[in-house]
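For reference, start-v7.cif (mmCIF, C-alpha atoms):
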data_data
#
loop_
_atom_site.label_atom_id
_atom_site.label_comp_id
_atom_site.auth_asym_id
_atom_site.auth_seq_id
_atom_site.Cartn_x
_atom_site.Cartn_y
_atom_site.Cartn_z
CA MET A 62 43.25 -68.23 71.80
CA GLU A 63 45.60 -71.21 72.06
CA VAL A 64 42.89 -73.28 70.46
CA VAL A 65 42.53 -70.87 67.56
CA GLY A 66 46.28 -70.81 67.01
CA GLN A 67 46.38 -74.61 66.96
CA LEU A 68 43.46 -74.84 64.56
CA GLN A 69 44.98 -72.22 62.31
CA LYS A 70 48.30 -74.03 62.21
CA GLN A 71 46.60 -77.32 61.41
CA TYR A 72 44.64 -75.60 58.68
CA VAL A 73 47.73 -74.02 57.17
CA ASP A 74 49.60 -77.31 57.27
CA PHE A 75 46.73 -79.09 55.61
CA ILE A 76 46.11 -76.58 52.85
CA THR A 77 49.84 -76.33 52.16
CA SER A 78 49.99 -80.08 51.72
CA LEU A 79 47.05 -79.91 49.33
CA PHE A 80 48.94 -77.40 47.23
CA ARG A 81 52.14 -79.38 47.42
CA GLU A 82 50.40 -82.55 46.27
CA ALA A 83 48.62 -80.63 43.52
CA TYR A 84 45.13 -81.44 44.76
CA LEU A 85 44.50 -77.72 44.61
CA ASP A 86 46.13 -74.94 42.67
CA ASP A 87 46.19 -71.17 42.69
CA GLN A 88 42.62 -70.89 41.45
CA TYR A 89 41.40 -72.03 44.86
CA VAL A 90 43.22 -69.11 46.44
CA GLN A 91 41.58 -66.86 43.85
CA LEU A 92 38.20 -68.09 45.04
CA GLN A 93 39.10 -67.40 48.64
CA LYS A 94 39.97 -63.84 47.67
CA LEU A 95 36.44 -63.39 46.39
CA GLN A 96 34.96 -64.24 49.76
CA ASP A 97 34.35 -61.42 52.20
CA ASP A 98 31.84 -60.25 54.77
CA SER A 99 29.30 -59.42 52.09
CA ASN A 100 29.53 -62.97 50.77
CA PRO A 101 31.01 -65.14 53.53
CA GLU A 102 29.84 -68.46 52.08
CA PHE A 103 31.11 -67.95 48.58
CA VAL A 104 33.70 -70.71 48.51
CA VAL A 105 31.36 -73.22 50.11
CA GLU A 106 28.69 -72.36 47.54
CA VAL A 107 30.98 -72.71 44.56
CA VAL A 108 32.48 -75.93 45.84
CA SER A 109 29.01 -77.37 46.51
CA ILE A 110 27.92 -76.55 42.98
CA PHE A 111 31.10 -78.18 41.72
CA PHE A 112 30.37 -81.35 43.68
CA GLU A 113 26.80 -81.60 42.39
CA ASP A 114 27.75 -80.81 38.82
CA SER A 115 30.57 -83.33 38.90
CA GLU A 116 28.48 -86.21 40.23
CA LYS A 117 26.08 -85.66 37.40
CA LEU A 118 28.85 -85.44 34.82
CA LEU A 119 30.46 -88.62 36.12
CA ASN A 120 27.15 -90.44 35.82
CA ASP A 121 26.66 -89.17 32.28
CA LEU A 122 30.19 -90.18 31.38
CA ALA A 123 29.87 -93.65 32.84
CA SER A 124 26.61 -94.30 31.05
CA SER A 125 27.85 -92.98 27.72
CA LEU A 126 30.83 -95.31 27.83
CA LEU A 127 28.91 -98.32 29.01
CA VAL A 128 25.97 -98.31 26.66
CA SER A 129 27.72 -100.02 23.81
CA ILE A 130 29.03 -102.85 25.95
CA SER A 131 25.73 -103.53 27.64
CA LEU A 132 23.88 -103.60 24.34
CA PHE A 133 26.20 -106.28 23.15
CA TRP A 134 25.67 -108.21 26.34
CA VAL A 135 21.90 -108.04 25.91
CA PHE A 136 22.28 -109.36 22.42
CA ILE A 137 24.52 -112.18 23.55
CA LEU A 138 22.28 -113.12 26.46
CA CYS A 139 19.29 -113.28 24.19
CA LEU A 140 20.96 -116.00 22.21
CA ARG A 141 21.10 -118.06 25.39
CA PRO A 142 24.47 -119.50 24.66
CA SER A 143 26.52 -121.69 26.95
CA LEU A 144 28.88 -119.86 29.27
CA LEU A 145 31.90 -120.75 27.20
CA LEU A 146 30.23 -119.55 24.02
CA MET A 147 29.21 -116.39 25.80
CA VAL A 148 32.76 -115.69 26.88
CA VAL A 149 34.08 -116.32 23.39
CA LEU A 150 31.41 -114.15 21.82
CA PHE A 151 32.02 -111.34 24.22
CA PHE A 152 35.74 -111.52 23.64
CA LEU A 153 35.22 -111.45 19.89
CA LEU A 154 32.86 -108.54 20.12
CA PHE A 155 35.25 -106.70 22.38
CA LEU A 156 38.03 -107.18 19.86
CA PHE A 157 35.74 -106.10 17.09
CA GLN A 158 34.89 -102.95 18.94
CA LEU A 159 38.48 -102.26 19.75
CA TYR A 160 39.79 -102.54 16.26
CA SER A 161 36.92 -101.58 14.03
CA GLN A 162 36.67 -98.14 12.59
CA GLN A 163 33.04 -97.75 13.49
CA GLN A 164 32.99 -97.16 17.18
CA VAL A 165 29.69 -97.58 18.91
CA VAL A 166 30.66 -95.12 21.58
CA ASP A 167 29.89 -91.50 20.80
CA PHE A 168 33.33 -90.14 21.58
CA LYS A 169 32.27 -86.66 20.69
CA LYS A 170 29.63 -86.76 23.38
CA VAL A 171 32.07 -88.17 25.90
CA ASP A 172 34.56 -85.47 24.96
CA GLY A 173 31.88 -82.87 25.55
CA TYR A 174 31.26 -84.10 29.07
CA VAL A 175 34.97 -84.27 29.83
CA HIS A 176 35.45 -80.75 28.51
CA GLN A 177 32.79 -79.54 30.93
CA PHE A 178 34.36 -81.41 33.78
CA LYS A 179 37.77 -80.05 32.92
CA GLY A 180 36.35 -76.54 32.91
CA SER A 181 34.58 -76.74 36.23
CA SER A 182 37.46 -78.47 38.00
CA SER A 183 39.82 -75.85 36.63
CA SER A 184 37.54 -73.09 37.89
CA VAL A 185 37.66 -74.34 41.47
CA GLY A 186 41.34 -75.18 41.39
CA ALA A 187 41.04 -78.98 41.43
CA GLN A 188 44.30 -79.47 39.59
CA ARG A 189 44.64 -83.25 39.60
CA VAL A 190 41.08 -83.71 38.38
CA LYS A 191 41.72 -81.22 35.62
CA ASN A 192 44.91 -82.95 34.53
CA ALA A 193 43.19 -86.34 34.48
CA CYS A 194 40.46 -84.80 32.31
CA VAL A 195 43.07 -83.51 29.86
CA THR A 196 44.49 -87.00 29.42
CA LEU A 197 41.01 -88.47 29.14
CA ARG A 198 40.25 -86.03 26.36
CA ASN A 199 43.30 -87.18 24.47
CA PHE A 200 42.00 -90.76 24.61
CA CYS A 201 38.65 -89.53 23.34
CA GLU A 202 40.32 -87.83 20.42
CA GLU A 203 42.11 -91.06 19.59
CA LYS A 204 38.83 -92.94 20.02
CA ASN A 205 40.64 -95.22 22.41
CA LEU A 206 37.88 -96.94 24.34
CA ASP A 207 40.19 -98.78 26.66
CA GLY A 208 42.14 -95.66 27.52
CA CYS A 209 38.90 -93.79 28.06
CA SER A 210 37.54 -96.36 30.47
CA ARG A 211 40.76 -96.46 32.43
CA TYR A 212 41.07 -92.72 32.65
CA LEU A 213 37.45 -92.25 33.50
CA ASN A 214 38.13 -94.36 36.57
CA LEU A 215 41.11 -92.19 37.36
CA VAL A 216 39.10 -89.01 36.94
CA LYS A 217 36.43 -90.40 39.25
CA GLN A 218 39.07 -91.38 41.79
CA GLU A 219 40.71 -87.98 41.73
CA PHE A 220 37.36 -86.28 42.06
CA TYR A 221 36.38 -88.20 45.15
CA LEU A 222 39.82 -87.61 46.64
CA VAL A 223 39.65 -83.86 46.17
CA LYS A 224 36.05 -83.83 47.35
CA ASN A 225 37.15 -85.45 50.55
CA LYS A 226 40.04 -83.03 50.97
CA LEU A 227 37.88 -79.99 50.29
CA GLU A 228 35.22 -81.14 52.73
CA THR A 229 37.89 -81.53 55.38
CA LEU A 230 39.35 -78.14 54.55
CA LEU A 231 36.03 -76.38 54.73
CA ARG A 232 35.23 -78.12 57.99
CA MET A 233 38.51 -76.88 59.42
CA GLU A 234 37.61 -73.36 58.32
CA GLN A 235 34.31 -73.64 60.14
CA GLN A 236 36.05 -74.80 63.29
CA ILE A 237 38.38 -71.81 63.23
CA LEU A 238 35.49 -69.41 62.73
CA GLN A 239 33.49 -71.02 65.48
CA ALA A 240 36.45 -70.73 67.83
CA GLY A 241 36.45 -67.02 67.12
CA GLY A 242 39.47 -66.90 64.82
CA THR A 243 39.96 -65.89 61.22
CA VAL A 244 40.87 -68.26 58.43
CA PRO A 245 44.43 -67.57 57.29
CA LEU A 246 44.70 -66.82 53.59
CA LEU A 247 47.60 -68.53 51.93
CA GLU A 248 49.65 -65.39 51.44
CA GLN A 249 49.67 -64.94 55.17
CA VAL A 250 51.13 -68.38 55.78
CA PRO A 251 54.77 -67.37 56.28
CA LEU A 252 53.74 -64.81 58.91
CA LEU A 253 51.77 -67.38 60.84
CA TRP A 254 54.62 -69.81 61.04
CA LYS A 255 56.78 -67.19 62.66
CA GLN A 256 54.45 -66.85 65.63
CA MET B 1422 6.30 -48.03 32.17
CA ALA B 1423 8.85 -49.69 29.96
CA LYS B 1424 10.89 -50.64 33.01
CA ASN B 1425 8.11 -52.73 34.52
CA ILE B 1426 7.60 -54.56 31.26
CA VAL B 1427 11.31 -55.28 31.17
CA PHE B 1428 11.31 -56.71 34.69
CA SER B 1429 8.36 -58.99 34.18
CA ARG B 1430 9.78 -60.16 30.89
CA LEU B 1431 13.10 -60.88 32.54
CA ARG B 1432 11.45 -62.80 35.31
CA LYS B 1433 9.59 -64.88 32.77
CA VAL B 1434 12.54 -65.52 30.51
CA GLU B 1435 15.45 -66.10 32.84
CA LYS B 1436 14.74 -68.37 35.73
CA ASN B 1437 18.34 -68.70 36.81
CA GLU B 1438 19.31 -65.14 37.58
CA ARG B 1439 18.89 -63.08 40.69
CA PHE B 1440 17.13 -59.79 40.30
CA ASP B 1441 17.77 -58.31 43.72
CA ASP B 1442 20.02 -55.56 42.45
CA ASP B 1443 18.02 -54.95 39.30
CA LEU B 1444 14.87 -54.20 41.19
CA SER B 1445 16.31 -51.47 43.35
CA SER B 1446 18.88 -49.69 41.27
CA SER B 1447 17.84 -50.10 37.67
CA CYS B 1448 18.50 -46.47 36.85
CA ASP B 1449 21.91 -46.43 38.48
CA SER B 1450 24.03 -45.31 35.57
CA ASP B 1451 27.16 -45.03 37.68
CA GLU B 1452 27.77 -48.72 37.51
CA VAL B 1453 28.98 -50.73 34.60
CA HIS B 1454 26.39 -53.28 33.61
CA VAL B 1455 27.87 -56.54 32.41
CA LEU B 1456 26.06 -59.39 30.73
CA ALA B 1457 27.88 -62.65 31.40
CA VAL B 1458 27.17 -65.76 29.35
CA ASP B 1459 28.37 -69.23 30.36
CA ASP B 1460 26.85 -72.69 30.23
CA SER B 1461 28.75 -73.91 33.29
CA PHE B 1462 27.02 -73.35 36.60
CA VAL B 1463 30.33 -73.16 38.46
CA ASP B 1464 31.75 -70.61 36.04
CA ARG B 1465 28.59 -68.52 36.17
CA LYS B 1466 28.86 -68.32 39.92
CA VAL B 1467 32.51 -67.34 39.77
CA ILE B 1468 32.19 -64.74 37.03
CA GLU B 1469 29.19 -63.21 38.73
CA ARG B 1470 31.15 -62.81 41.94
CA LEU B 1471 34.23 -61.52 40.13
CA LEU B 1472 32.17 -58.83 38.43
CA LYS B 1473 30.22 -57.88 41.54
CA ILE B 1474 33.37 -57.52 43.60
CA THR B 1475 34.71 -55.11 40.99
CA SER B 1476 31.60 -52.98 41.37
CA CYS B 1477 29.77 -54.02 38.27
CA LYS B 1478 26.12 -54.73 37.94
CA VAL B 1479 25.81 -58.26 36.61
CA THR B 1480 23.29 -60.25 34.69
CA VAL B 1481 24.26 -63.85 34.15
CA VAL B 1482 22.67 -66.08 31.53
CA GLU B 1483 23.34 -69.67 30.61
CA SER B 1484 23.34 -69.53 26.82
CA GLY B 1485 23.77 -67.39 23.76
CA MET B 1486 20.06 -67.63 23.07
CA ARG B 1487 19.20 -66.31 26.50
CA ALA B 1488 21.71 -63.50 26.01
CA LEU B 1489 20.04 -62.51 22.76
CA GLN B 1490 16.66 -62.69 24.41
CA PHE B 1491 17.87 -60.44 27.19
CA LEU B 1492 19.18 -57.93 24.69
CA GLY B 1493 16.01 -58.20 22.68
CA LEU B 1494 17.94 -59.30 19.62
CA ASP B 1495 16.08 -62.49 19.03
CA GLU B 1496 12.82 -60.73 18.25
CA GLU B 1497 12.94 -57.08 17.28
CA GLU B 1498 16.05 -55.05 16.66
CA SER B 1499 14.70 -52.09 18.59
CA SER B 1500 15.81 -51.95 22.19
CA VAL B 1501 13.06 -49.65 23.37
CA GLY B 1502 12.14 -51.70 26.40
CA PHE B 1503 15.71 -52.21 27.53
CA ASP B 1504 17.04 -48.71 27.95
CA GLY B 1505 16.77 -48.91 31.70
CA LEU B 1506 19.07 -51.90 31.75
CA LYS B 1507 21.60 -50.89 29.17
CA VAL B 1508 24.44 -53.33 28.80
CA ASP B 1509 27.96 -51.91 28.83
CA LEU B 1510 29.94 -55.08 28.33
CA ILE B 1511 29.26 -58.64 27.31
CA ILE B 1512 31.56 -61.36 28.54
CA THR B 1513 30.95 -64.80 27.13
CA ASP B 1514 32.34 -68.30 27.21
CA TYR B 1515 33.52 -69.63 23.87
CA CYS B 1516 32.51 -73.28 24.07
CA MET B 1517 28.81 -73.56 24.69
CA PRO B 1518 26.26 -76.02 23.39
CA GLY B 1519 23.84 -74.58 20.85
CA MET B 1520 25.25 -71.16 20.12
CA THR B 1521 28.97 -70.76 20.71
CA GLY B 1522 30.48 -67.56 22.05
CA TYR B 1523 31.87 -66.90 18.60
CA GLU B 1524 28.41 -67.12 17.04
CA LEU B 1525 27.02 -64.86 19.74
CA LEU B 1526 29.83 -62.41 19.03
CA LYS B 1527 28.95 -62.40 15.35
CA LYS B 1528 25.28 -61.80 16.07
CA ILE B 1529 26.06 -58.89 18.34
CA LYS B 1530 28.54 -57.31 15.97
CA GLY B 1531 26.07 -57.83 13.17
CA SER B 1532 23.42 -55.83 14.95
CA SER B 1533 23.30 -52.09 14.38
CA THR B 1534 21.94 -51.49 17.85
CA PHE B 1535 24.39 -53.61 19.80
CA ARG B 1536 27.58 -53.70 17.77
CA GLU B 1537 29.07 -50.93 19.90
CA ILE B 1538 28.92 -53.01 23.04
CA PRO B 1539 32.37 -54.47 23.73
CA VAL B 1540 32.44 -58.26 23.81
CA VAL B 1541 35.03 -60.28 25.69
CA ILE B 1542 35.51 -63.97 25.04
CA MET B 1543 36.58 -66.46 27.72
CA SER B 1544 37.96 -69.86 26.92
CA SER B 1545 39.78 -72.64 28.69
CA GLU B 1546 41.68 -73.34 25.50
CA ASN B 1547 44.55 -71.11 24.55
CA VAL B 1548 44.25 -71.72 20.81
CA LEU B 1549 45.84 -68.96 18.76
CA THR B 1550 43.61 -69.44 15.71
CA ARG B 1551 40.55 -69.22 17.92
CA ILE B 1552 41.81 -66.07 19.59
CA ASP B 1553 42.63 -64.46 16.25
CA ARG B 1554 39.25 -65.37 14.86
CA CYS B 1555 37.47 -63.76 17.77
CA LEU B 1556 39.56 -60.63 17.72
CA GLU B 1557 39.04 -60.31 13.97
CA GLU B 1558 35.32 -60.61 14.42
CA GLY B 1559 35.46 -57.65 16.76
CA ALA B 1560 35.97 -59.10 20.21
CA GLU B 1561 37.53 -56.62 22.54
CA ASP B 1562 39.61 -59.14 24.40
CA PHE B 1563 40.17 -62.80 25.01
CA ILE B 1564 40.62 -64.18 28.51
CA VAL B 1565 41.98 -67.63 29.21
CA LYS B 1566 40.08 -69.51 31.89
CA PRO B 1567 40.08 -69.89 34.78
CA VAL B 1568 39.23 -66.23 35.12
CA LYS B 1569 40.91 -64.43 37.99
CA LEU B 1570 40.22 -61.23 39.85
CA SER B 1571 43.20 -59.56 38.20
CA ASP B 1572 41.76 -60.32 34.75
CA VAL B 1573 38.46 -58.68 35.58
CA LYS B 1574 40.06 -55.68 37.27
CA ARG B 1575 42.36 -55.13 34.32
CA LEU B 1576 39.44 -55.42 31.93
CA LYS B 1577 37.29 -53.00 33.83
CA ASN B 1578 40.11 -50.52 34.20
CA TYR B 1579 41.17 -50.33 30.61
CA MET B 1580 37.64 -50.35 29.29
CA PHE B 1581 35.90 -48.15 31.78
CA GLY B 1582 38.73 -46.62 33.75
CA GLU B 1583 39.03 -43.35 31.88
CA GLY B 1584 36.97 -40.93 29.93
CA ARG B 1585 33.69 -42.63 30.75
CA THR B 1586 31.16 -41.11 33.10
CA LYS B 1587 30.40 -44.52 34.49
CA SER B 1588 33.76 -44.78 36.19
CA GLN B 1589 32.74 -42.62 39.15
CA ASP B 1590 33.11 -44.93 42.06
CA THR B 1591 32.58 -42.41 44.82
CA GLY B 1592 31.23 -43.95 47.97
CA SER B 1593 28.36 -41.50 48.38
CA ASN B 1594 26.72 -42.68 45.23
CA LYS B 1595 26.67 -46.27 46.31
CA ARG B 1596 23.21 -47.71 46.57
CA LYS B 1597 24.25 -51.32 46.20
CA LEU B 1598 22.72 -53.91 48.43
CA GLN B 1599 25.51 -56.43 48.61
CA GLU B 1600 29.03 -55.15 48.90
CA THR B 1601 30.20 -53.53 52.10
CA SER B 1602 33.58 -52.78 50.58
CA PRO B 1603 32.88 -51.26 47.17
CA SER B 1604 36.43 -50.49 46.17
CA PRO B 1605 38.26 -53.48 44.77
CA SER B 1606 41.55 -52.64 46.45
CA PRO B 1607 43.79 -55.69 46.75
CA THR B 1608 44.10 -56.36 50.47
CA SER B 1609 46.16 -59.44 51.00
CA SER B 1610 47.41 -60.28 47.56
CA ILE B 1611 50.99 -60.78 46.67
CA SER B 1612 49.92 -61.53 43.15
CA PRO B 1613 52.68 -62.14 40.62
CA GLU B 1614 50.88 -60.43 37.73
CA PRO B 1615 52.57 -57.18 36.78
CA SER B 1616 49.50 -55.10 36.13
CA SER B 1617 47.13 -56.19 38.84
CA ASP B 1618 47.45 -53.23 41.16
CA LEU B 1619 45.62 -50.65 39.12
CA SER B 1620 43.29 -48.60 41.26
CA SER B 1621 39.80 -47.84 40.11
CA THR B 1622 40.65 -44.25 39.32
CA SER B 1623 41.55 -43.55 35.74
CA SER B 1624 44.98 -44.52 34.60
CA PRO B 1625 46.81 -42.44 32.05
CA SER B 1626 47.66 -45.27 29.67
CA THR B 1627 45.56 -45.70 26.56
CA PRO B 1628 43.77 -49.02 26.23
CA ARG B 1629 45.18 -50.01 22.89
CA SER B 1630 48.87 -49.15 22.83
CA PRO B 1631 50.41 -52.26 21.26
CA PRO B 1632 53.69 -52.57 23.16
CA SER B 1633 52.10 -52.06 26.61
CA LEU B 1634 51.15 -54.77 29.02
CA ASP B 1635 47.49 -54.19 28.31
CA SER B 1636 47.50 -55.50 24.78
CA PRO B 1637 45.37 -58.61 24.27
CA THR B 1638 48.20 -60.90 23.29
CA ARG B 1639 50.25 -60.05 26.36
CA ARG B 1640 47.20 -60.30 28.56
CA TYR B 1641 46.34 -63.89 27.97
CA LYS B 1642 49.95 -64.92 28.00
CA THR B 1643 50.31 -63.36 31.42
CA SER B 1644 47.24 -65.04 32.79
CA ASN B 1645 48.46 -68.35 31.42
CA HIS B 1646 51.74 -68.08 33.28
CA ASP B 1647 49.96 -67.43 36.50
CA LEU B 1648 48.58 -70.93 36.50
CA ASN B 1649 52.02 -72.41 36.89
CA GLU B 1650 52.67 -72.06 40.57
#
Entire entry expressed as structure tokens:
Amino acid sequence: MEVVGQLQKQYVDFITSLFREAYLDDQYVQLQKLQDDSNPEFVVEVVSIFFEDSEKLLNDLASSLLVSISLFWVFILCLRPSLLLMVVLFFLLFLFQLYSQQQVVDFKKVDGYVHQFKGSSSSVGAQRVKNACVTLRNFCEEKNLDGCSRYLNLVKQEFYLVKNKLETLLRMEQQILQAGGTVPLLEQVPLLWKQ
Amino acid sequence: MAKNIVFSRLRKVEKNERFDDDLSSSCDSDEVHVLAVDDSFVDRKVIERLLKITSCKVTVVESGMRALQFLGLDEEESSVGFDGLKVDLIITDYCMPGMTGYELLKKIKGSSTFREIPVVIMSSENVLTRIDRCLEEGAEDFIVKPVKLSDVKRLKNYMFGEGRTKSQDTGSNKRKLQETSPSPSPTSSISPEPSSDLSSTSSPSTPRSPPSLDSPTRRYKTSNHDLNE
């Protein structure tokens, strides 16, 4: 049982750090509460759905923000200009896009995707992802293409970070169960430390 | 039999739901039958589990249109074929593509057959005008996402906790396939919410007393605070 105790302590330390660093919030604990013998894989299932959903959303987001730029590139390349001319043209077009009222990007569509992502990340307790989505939505509302691109990268980064953390966490849970122990729920953490 | 027609129609219409419980205990009128509507796959999974763990029978659909189809509202107004699967509560997301939760609410309240069914709206956005609009249109309650176990327990208790025959949660009547622990007693929770420890037996408080903790405005404020930990 030494092994189980060690694994449990490592698990508690890890999940506490995830909470402290805001990777996860209380909603994750709420999900754990919904798991029991009648549905022992609940958290894994929800988290897996979240991962799949998110990859798809990120792809949709990336493509909806890139379309406009690539179209311009195609146009420019068709003119077969010299490299210098190409750079100048691209720069001019970029400025045009940035400052013109008529944005080529469908910010409403982007906002829709981000809203979905915000919702699903909030439902699993992925706090940092959710917060990044909130900021990204603000940029969408302002039709700020640059801000959107930057924050999309941040959202993607945060997602892959939390995905990594969650996979580690769930793996640790499996190890505890396989060693014959039970996974400590967060409310039990203070008790465990006393042992 | 009308029941068989209902099952085959359901199987044809909704490809995303599980019918395990429906097939065996369709006539089980002890349980509260909830129709949950949400376009997010993650949220559907969570709300389904939340409702099942509070001893409700659940049907989950992905859109307002599917919800109306399930109720039989999209074609005829008569619900002849659906008596065996009577819906006691509809809980729906607000923001959905196509038909929003608000539009679904209006359709349900506009129907003579279904207007009596309580409708609860869920939304990730705590916008007062939106909440007011929904409540004015006849929504029973408004829950701010993410939805927690305490929200669902509170909902079930004040809506079905007293006076209704469906609230009999005695173990001997249980014919459910899934849950081994039917009673939603909080085991390890040190939850900060004030009203989360209501047992499933009827509580003496009336559901709509304005100054109590159960009023809609207090409810979503409470659940909002819980997020800040």
Please enumerate the residues selected by the PyMOL selection byres ((chain A and resi 93-99) around 8) when evaluated against the supplied file, formatted as a list in words.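 In the shown coordinates, the PyMOL selection byres ((chain A and resi 93-99) around 8) covers Tyr89, Val90, Gln91, Leu92, Asn100, Pro101, Glu102, Phe103, Val104 and Leu246 of chain A; Arg1470, Leu1471, Ile1474, Leu1570, Gln1599, Glu1600 and Thr1601 of chain B.
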Nearest residue to B:Leu1506 out of B:Val1482, B:Leu1489, B:Val1541, B:Val1455, using all atoms listed in the file?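 Selected residue with least distance to B:Leu1506: B:Val1455.
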Tell me as a PDB file with C-alpha atoms, keeping the file's coordinate frame which residues belonging to chain A come within 12 Å of chain B, counting all atoms listed in the file.
ATOM      1  CA  PHE A  80      48.940 -77.400  47.230  1.00  0.00           C
ATOM      2  CA  ARG A  81      52.140 -79.380  47.420  1.00  0.00           C
ATOM      3  CA  ALA A  83      48.620 -80.630  43.520  1.00  0.00           C
ATOM      4  CA  LEU A  85      44.500 -77.720  44.610  1.00  0.00           C
ATOM      5  CA  ASP A  86      46.130 -74.940  42.670  1.00  0.00           C
ATOM      6  CA  ASP A  87      46.190 -71.170  42.690  1.00  0.00           C
ATOM      7  CA  GLN A  88      42.620 -70.890  41.450  1.00  0.00           C
ATOM      8  CA  TYR A  89      41.400 -72.030  44.860  1.00  0.00           C
ATOM      9  CA  VAL A  90      43.220 -69.110  46.440  1.00  0.00           C
ATOM     10  CA  GLN A  91      41.580 -66.860  43.850  1.00  0.00           C
ATOM     11  CA  LEU A  92      38.200 -68.090  45.040  1.00  0.00           C
ATOM     12  CA  GLN A  93      39.100 -67.400  48.640  1.00  0.00           C
ATOM     13  CA  LYS A  94      39.970 -63.840  47.670  1.00  0.00           C
ATOM     14  CA  LEU A  95      36.440 -63.390  46.390  1.00  0.00           C
ATOM     15  CA  GLN A  96      34.960 -64.240  49.760  1.00  0.00           C
ATOM     16  CA  ASP A  97      34.350 -61.420  52.200  1.00  0.00           C
ATOM     17  CA  ASP A  98      31.840 -60.250  54.770  1.00  0.00           C
ATOM     18  CA  SER A  99      29.300 -59.420  52.090  1.00  0.00           C
ATOM     19  CA  ASN A 100      29.530 -62.970  50.770  1.00  0.00           C
ATOM     20  CA  PRO A 101      31.010 -65.140  53.530  1.00  0.00           C
ATOM     21  CA  GLU A 102      29.840 -68.460  52.080  1.00  0.00           C
ATOM     22  CA  PHE A 103      31.110 -67.950  48.580  1.00  0.00           C
ATOM     23  CA  VAL A 104      33.700 -70.710  48.510  1.00  0.00           C
ATOM     24  CA  VAL A 105      31.360 -73.220  50.110  1.00  0.00           C
ATOM     25  CA  GLU A 106      28.690 -72.360  47.540  1.00  0.00           C
ATOM     26  CA  VAL A 107      30.980 -72.710  44.560  1.00  0.00           C
ATOM     27  CA  VAL A 108      32.480 -75.930  45.840  1.00  0.00           C
ATOM     28  CA  SER A 109      29.010 -77.370  46.510  1.00  0.00           C
ATOM     29  CA  ILE A 110      27.920 -76.550  42.980  1.00  0.00           C
ATOM     30  CA  PHE A 111      31.100 -78.180  41.720  1.00  0.00           C
ATOM     31  CA  PHE A 112      30.370 -81.350  43.680  1.00  0.00           C
ATOM     32  CA  GLU A 113      26.800 -81.600  42.390  1.00  0.00           C
ATOM     33  CA  ASP A 114      27.750 -80.810  38.820  1.00  0.00           C
ATOM     34  CA  SER A 115      30.570 -83.330  38.900  1.00  0.00           C
ATOM     35  CA  LEU A 118      28.850 -85.440  34.820  1.00  0.00           C
ATOM     36  CA  LYS A 170      29.630 -86.760  23.380  1.00  0.00           C
ATOM     37  CA  GLY A 173      31.880 -82.870  25.550  1.00  0.00           C
ATOM     38  CA  TYR A 174      31.260 -84.100  29.070  1.00  0.00           C
ATOM     39  CA  HIS A 176      35.450 -80.750  28.510  1.00  0.00           C
ATOM     40  CA  GLN A 177      32.790 -79.540  30.930  1.00  0.00           C
ATOM     41  CA  PHE A 178      34.360 -81.410  33.780  1.00  0.00           C
ATOM     42  CA  LYS A 179      37.770 -80.050  32.920  1.00  0.00           C
ATOM     43  CA  GLY A 180      36.350 -76.540  32.910  1.00  0.00           C
ATOM     44  CA  SER A 181      34.580 -76.740  36.230  1.00  0.00           C
ATOM     45  CA  SER A 182      37.460 -78.470  38.000  1.00  0.00           C
ATOM     46  CA  SER A 183      39.820 -75.850  36.630  1.00  0.00           C
ATOM     47  CA  SER A 184      37.540 -73.090  37.890  1.00  0.00           C
ATOM     48  CA  VAL A 185      37.660 -74.340  41.470  1.00  0.00           C
ATOM     49  CA  GLY A 186      41.340 -75.180  41.390  1.00  0.00           C
ATOM     50  CA  ALA A 187      41.040 -78.980  41.430  1.00  0.00           C
ATOM     51  CA  GLN A 188      44.300 -79.470  39.590  1.00  0.00           C
ATOM     52  CA  LYS A 191      41.720 -81.220  35.620  1.00  0.00           C
ATOM     53  CA  VAL A 195      43.070 -83.510  29.860  1.00  0.00           C
ATOM     54  CA  PRO A 245      44.430 -67.570  57.290  1.00  0.00           C
ATOM     55  CA  LEU A 246      44.700 -66.820  53.590  1.00  0.00           C
ATOM     56  CA  LEU A 247      47.600 -68.530  51.930  1.00  0.00           C
ATOM     57  CA  GLU A 248      49.650 -65.390  51.440  1.00  0.00           C
ATOM     58  CA  GLN A 249      49.670 -64.940  55.170  1.00  0.00           C
ATOM     59  CA  VAL A 250      51.130 -68.380  55.780  1.00  0.00           C
TER      60      VAL A 250
END
Selection dump of the PyMOL selection byres ((chain B and resi 1519) around 9), as a PDB file with C-alpha atoms, keeping the file's coordinate frame:
ATOM      1  CA  SER B1484      23.340 -69.530  26.820  1.00  0.00           C
ATOM      2  CA  GLY B1485      23.770 -67.390  23.760  1.00  0.00           C
ATOM      3  CA  MET B1486      20.060 -67.630  23.070  1.00  0.00           C
ATOM      4  CA  MET B1517      28.810 -73.560  24.690  1.00  0.00           C
ATOM      5  CA  PRO B1518      26.260 -76.020  23.390  1.00  0.00           C
ATOM      6  CA  MET B1520      25.250 -71.160  20.120  1.00  0.00           C
ATOM      7  CA  THR B1521      28.970 -70.760  20.710  1.00  0.00           C
TER       8      THR B1521
END
Using all atoms listed in the file, which of A:Val65, A:Val223, A:Leu146, A:Val171 sits nearest A:Phe200?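 So, comparing all the options, the nearest one is A:Val171.
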Expressed in Å to a single decimal, how great is the separation between atom CA of A:Glu116 and atom CA of A:Leu79?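 Distance between the two atoms: 21.6 Å.
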Selection result of the PyMOL selection byres ((chain A and resi 231-234) around 10) on this file, as a VMD selection string: chain A and resid 68 to 69 71 to 73 75 104 to 105 108 226 to 230 235 to 240 242 to 245
Of the residues B:Val1540, B:Val1453, B:Ile1564, B:Leu1576, which is the one nearest to B:Leu1525, using all atoms listed in the file? B:Val1540
